[in-house]
Amino acid sequence: MGKKCFLVNIMAKTKPLLPSLRENKRYLVFKVISKGKLTDFSKIAKAIELAANKLLGFLGVAKAGIVPLRDKWNQRTQTGIIRVNTKYVDHLKSSLSLINKIGRKSVVIRSLGVSGILKKTERFGAERSYKVVYKK
């Protein structure tokens, strides 16, 4: 019983990080452009992860903290949000340009905007629409 109390005391003494020591994050809004609609978000997240691994490597992806937010994926407009460290926003944008296929569908992933506050990313979502011309 004495060991359990000791472990609880250690866990109770840890303090949260100060705001100045936390990693700053940005939210990147992206749009998937393809001929058909993509329904499976896990395939999109996997493609983003693989492209980032190609460009940055495992250590770079770990430092960048790239997290596609599943609950912010809009299947109707094919838009989503990715959380990333402030220093790696440009790296993430360039890795998104490397994606040209998800599954068997040809796609283009376009960055719509970046914000530091998740609520402000709504202004990039459905307001902008792009006309896509496919060349054969």
# chains A, B, ... in the order shown; residues from 1 in each chain; ligands from 1
call {"tool": "residues_around", "arguments": {"residues": "Val89 of chain A", "least_positions_apart": "2", "cutoff": "9 Å", "atoms": "only C-alpha atoms", "output": "PDB file with C-alpha atoms, in the first residue's frame"}}
result
ATOM      1  CA  ARG A  26      -0.849  26.507 -36.610  1.00  0.00           C
ATOM      2  CA  TYR A  27      -3.870  25.068 -38.351  1.00  0.00           C
ATOM      3  CA  LEU A  28      -3.589  24.556 -42.104  1.00  0.00           C
ATOM      4  CA  ALA A  64       6.681  19.179 -36.905  1.00  0.00           C
ATOM      5  CA  VAL A  84       1.386  21.629 -37.329  1.00  0.00           C
ATOM      6  CA  ASN A  85       4.210  23.399 -35.497  1.00  0.00           C
ATOM      7  CA  THR A  86       4.746  27.025 -36.576  1.00  0.00           C
ATOM      8  CA  LYS A  87       8.253  26.396 -37.872  1.00  0.00           C
ATOM      9  CA  HIS A  91       7.472  22.154 -45.054  1.00  0.00           C
ATOM     10  CA  LEU A  92       3.964  20.759 -44.695  1.00  0.00           C
ATOM     11  CA  LYS A  93       2.724  22.779 -47.681  1.00  0.00           C
ATOM     12  CA  SER A  94       5.536  21.456 -49.837  1.00  0.00           C
ATOM     13  CA  VAL A 114      -3.236  29.013 -42.226  1.00  0.00           C
TER      14      VAL A 114
END
call {"tool": "select_by_dssp", "arguments": {"residues": "segment 22-108 of chain A", "states": "strand (DSSP E)", "output": "short mmCIF file (atom, residue, chain, number, x, y, z; two decimals) with N, CA and C atoms, in the first residue's frame"}}
result
data_model
loop_
_atom_site.label_atom_id
_atom_site.label_comp_id
_atom_site.auth_asym_id
_atom_site.auth_seq_id
_atom_site.Cartn_x
_atom_site.Cartn_y
_atom_site.Cartn_z
N LYS A 25 1.43 26.22 -32.32
CA LYS A 25 0.89 25.44 -33.42
C LYS A 25 0.08 26.32 -34.36
N ARG A 26 -0.04 25.86 -35.59
CA ARG A 26 -0.85 26.51 -36.61
C ARG A 26 -1.80 25.47 -37.18
N TYR A 27 -2.88 25.94 -37.73
CA TYR A 27 -3.87 25.07 -38.35
C TYR A 27 -3.93 25.39 -39.83
N LEU A 28 -3.61 24.39 -40.66
CA LEU A 28 -3.59 24.56 -42.10
C LEU A 28 -4.86 23.94 -42.68
N VAL A 29 -5.61 24.73 -43.43
CA VAL A 29 -6.83 24.25 -44.08
C VAL A 29 -6.45 23.79 -45.48
N PHE A 30 -6.88 22.58 -45.84
CA PHE A 30 -6.56 22.05 -47.16
C PHE A 30 -7.82 21.56 -47.86
N LYS A 31 -7.73 21.49 -49.19
CA LYS A 31 -8.84 21.00 -50.00
C LYS A 31 -8.30 19.92 -50.92
N VAL A 32 -9.03 18.81 -51.00
CA VAL A 32 -8.66 17.71 -51.88
C VAL A 32 -9.46 17.87 -53.17
N ILE A 33 -8.75 18.00 -54.29
CA ILE A 33 -9.39 18.17 -55.59
C ILE A 33 -9.20 16.88 -56.37
N SER A 34 -10.32 16.26 -56.74
CA SER A 34 -10.27 15.02 -57.53
C SER A 34 -11.57 14.90 -58.33
N VAL A 67 -0.62 16.64 -37.35
CA VAL A 67 -1.79 15.87 -36.93
C VAL A 67 -2.99 16.28 -37.78
N PRO A 68 -3.44 15.40 -38.71
CA PRO A 68 -4.69 15.69 -39.43
C PRO A 68 -5.87 15.51 -38.48
N LEU A 69 -6.74 16.51 -38.41
CA LEU A 69 -7.85 16.47 -37.47
C LEU A 69 -9.05 15.78 -38.11
N ARG A 70 -9.37 14.59 -37.62
CA ARG A 70 -10.43 13.76 -38.19
C ARG A 70 -11.81 14.42 -38.06
N ASP A 71 -12.08 15.04 -36.94
CA ASP A 71 -13.41 15.62 -36.73
C ASP A 71 -13.64 16.89 -37.54
N LYS A 72 -12.61 17.45 -38.16
CA LYS A 72 -12.76 18.66 -38.98
C LYS A 72 -12.82 18.34 -40.48
N TRP A 73 -12.85 17.07 -40.86
CA TRP A 73 -12.94 16.68 -42.27
C TRP A 73 -14.38 16.87 -42.74
N ASN A 74 -14.55 17.64 -43.82
CA ASN A 74 -15.87 17.87 -44.41
C ASN A 74 -15.93 17.10 -45.72
N THR A 79 -12.79 19.32 -47.65
CA THR A 79 -11.80 20.16 -46.97
C THR A 79 -11.51 19.58 -45.59
N GLY A 80 -10.32 19.86 -45.10
CA GLY A 80 -9.93 19.40 -43.79
C GLY A 80 -8.89 20.32 -43.17
N ILE A 81 -8.49 19.99 -41.95
CA ILE A 81 -7.55 20.82 -41.20
C ILE A 81 -6.43 19.93 -40.65
N ILE A 82 -5.21 20.45 -40.73
CA ILE A 82 -4.03 19.77 -40.19
C ILE A 82 -3.38 20.69 -39.17
N ARG A 83 -3.07 20.14 -37.99
CA ARG A 83 -2.34 20.90 -36.97
C ARG A 83 -0.85 20.66 -37.16
N VAL A 84 -0.06 21.74 -37.09
CA VAL A 84 1.39 21.63 -37.33
C VAL A 84 2.11 22.68 -36.50
N ASN A 85 3.37 22.44 -36.20
CA ASN A 85 4.21 23.40 -35.50
C ASN A 85 4.45 24.62 -36.40
N LYS A 101 -1.71 10.84 -55.73
CA LYS A 101 -2.68 9.75 -55.73
C LYS A 101 -3.04 9.38 -54.30
N ILE A 102 -4.33 9.14 -54.10
CA ILE A 102 -4.80 8.58 -52.84
C ILE A 102 -5.63 7.36 -53.24
N LYS A 105 -7.20 7.00 -56.97
CA LYS A 105 -7.68 8.25 -57.55
C LYS A 105 -6.56 9.27 -57.65
N SER A 106 -6.53 9.97 -58.77
CA SER A 106 -5.58 11.07 -58.93
C SER A 106 -6.13 12.28 -58.19
N VAL A 107 -5.30 12.90 -57.38
CA VAL A 107 -5.74 14.03 -56.57
C VAL A 107 -4.71 15.16 -56.60
N VAL A 108 -5.18 16.33 -56.23
CA VAL A 108 -4.32 17.48 -55.96
C VAL A 108 -4.78 18.02 -54.61
#
call {"tool": "residues_around", "arguments": {"residues": "Leu38 of chain A", "least_positions_apart": "2", "cutoff": "8 Å", "atoms": "only C-alpha atoms", "output": "short mmCIF file (atom, residue, chain, number, x, y, z; two decimals) with N, CA and C atoms, in the first residue's frame"}}
result
data_model
loop_
_atom_site.label_atom_id
_atom_site.label_comp_id
_atom_site.auth_asym_id
_atom_site.auth_seq_id
_atom_site.Cartn_x
_atom_site.Cartn_y
_atom_site.Cartn_z
N GLY A 36 -13.66 12.30 -58.34
CA GLY A 36 -14.69 11.73 -57.47
C GLY A 36 -14.47 12.15 -56.03
N ASP A 40 -13.05 8.08 -47.36
CA ASP A 40 -12.28 7.52 -46.25
C ASP A 40 -11.19 8.50 -45.82
N PHE A 41 -11.36 9.11 -44.66
CA PHE A 41 -10.39 10.09 -44.17
C PHE A 41 -9.08 9.42 -43.78
N GLN A 75 -16.72 16.04 -45.71
CA GLN A 75 -16.78 15.16 -46.88
C GLN A 75 -17.47 15.84 -48.06
N GLN A 78 -14.90 18.43 -49.26
CA GLN A 78 -13.59 17.80 -49.39
C GLN A 78 -12.49 18.70 -48.79
#
call {"tool": "closest_residue", "arguments": {"among": "A:Thr39, A:Ser95, A:Thr77, A:Asn24", "to": "Ala51 of chain A", "atoms": "only C-alpha atoms"}}
result
A:Ser95
call {"tool": "atom_distance", "arguments": {"atom1": "atom CA of Gly57 of chain A", "atom2": "atom CA of Ile109 of chain A"}}
result
20.1 Å
call {"tool": "closest_residue", "arguments": {"among": "A:Arg22, A:Pro16, A:Leu98, A:Asp90", "to": "Lys54 of chain A", "atoms": "only C-alpha atoms"}}
result
A:Leu98
call {"tool": "select_by_dssp", "arguments": {"residues": "chain A", "states": "helix (DSSP H, G or I)", "output": "ChimeraX atom specification"}}
result
/A:2-13,41-64,86-96,118-124
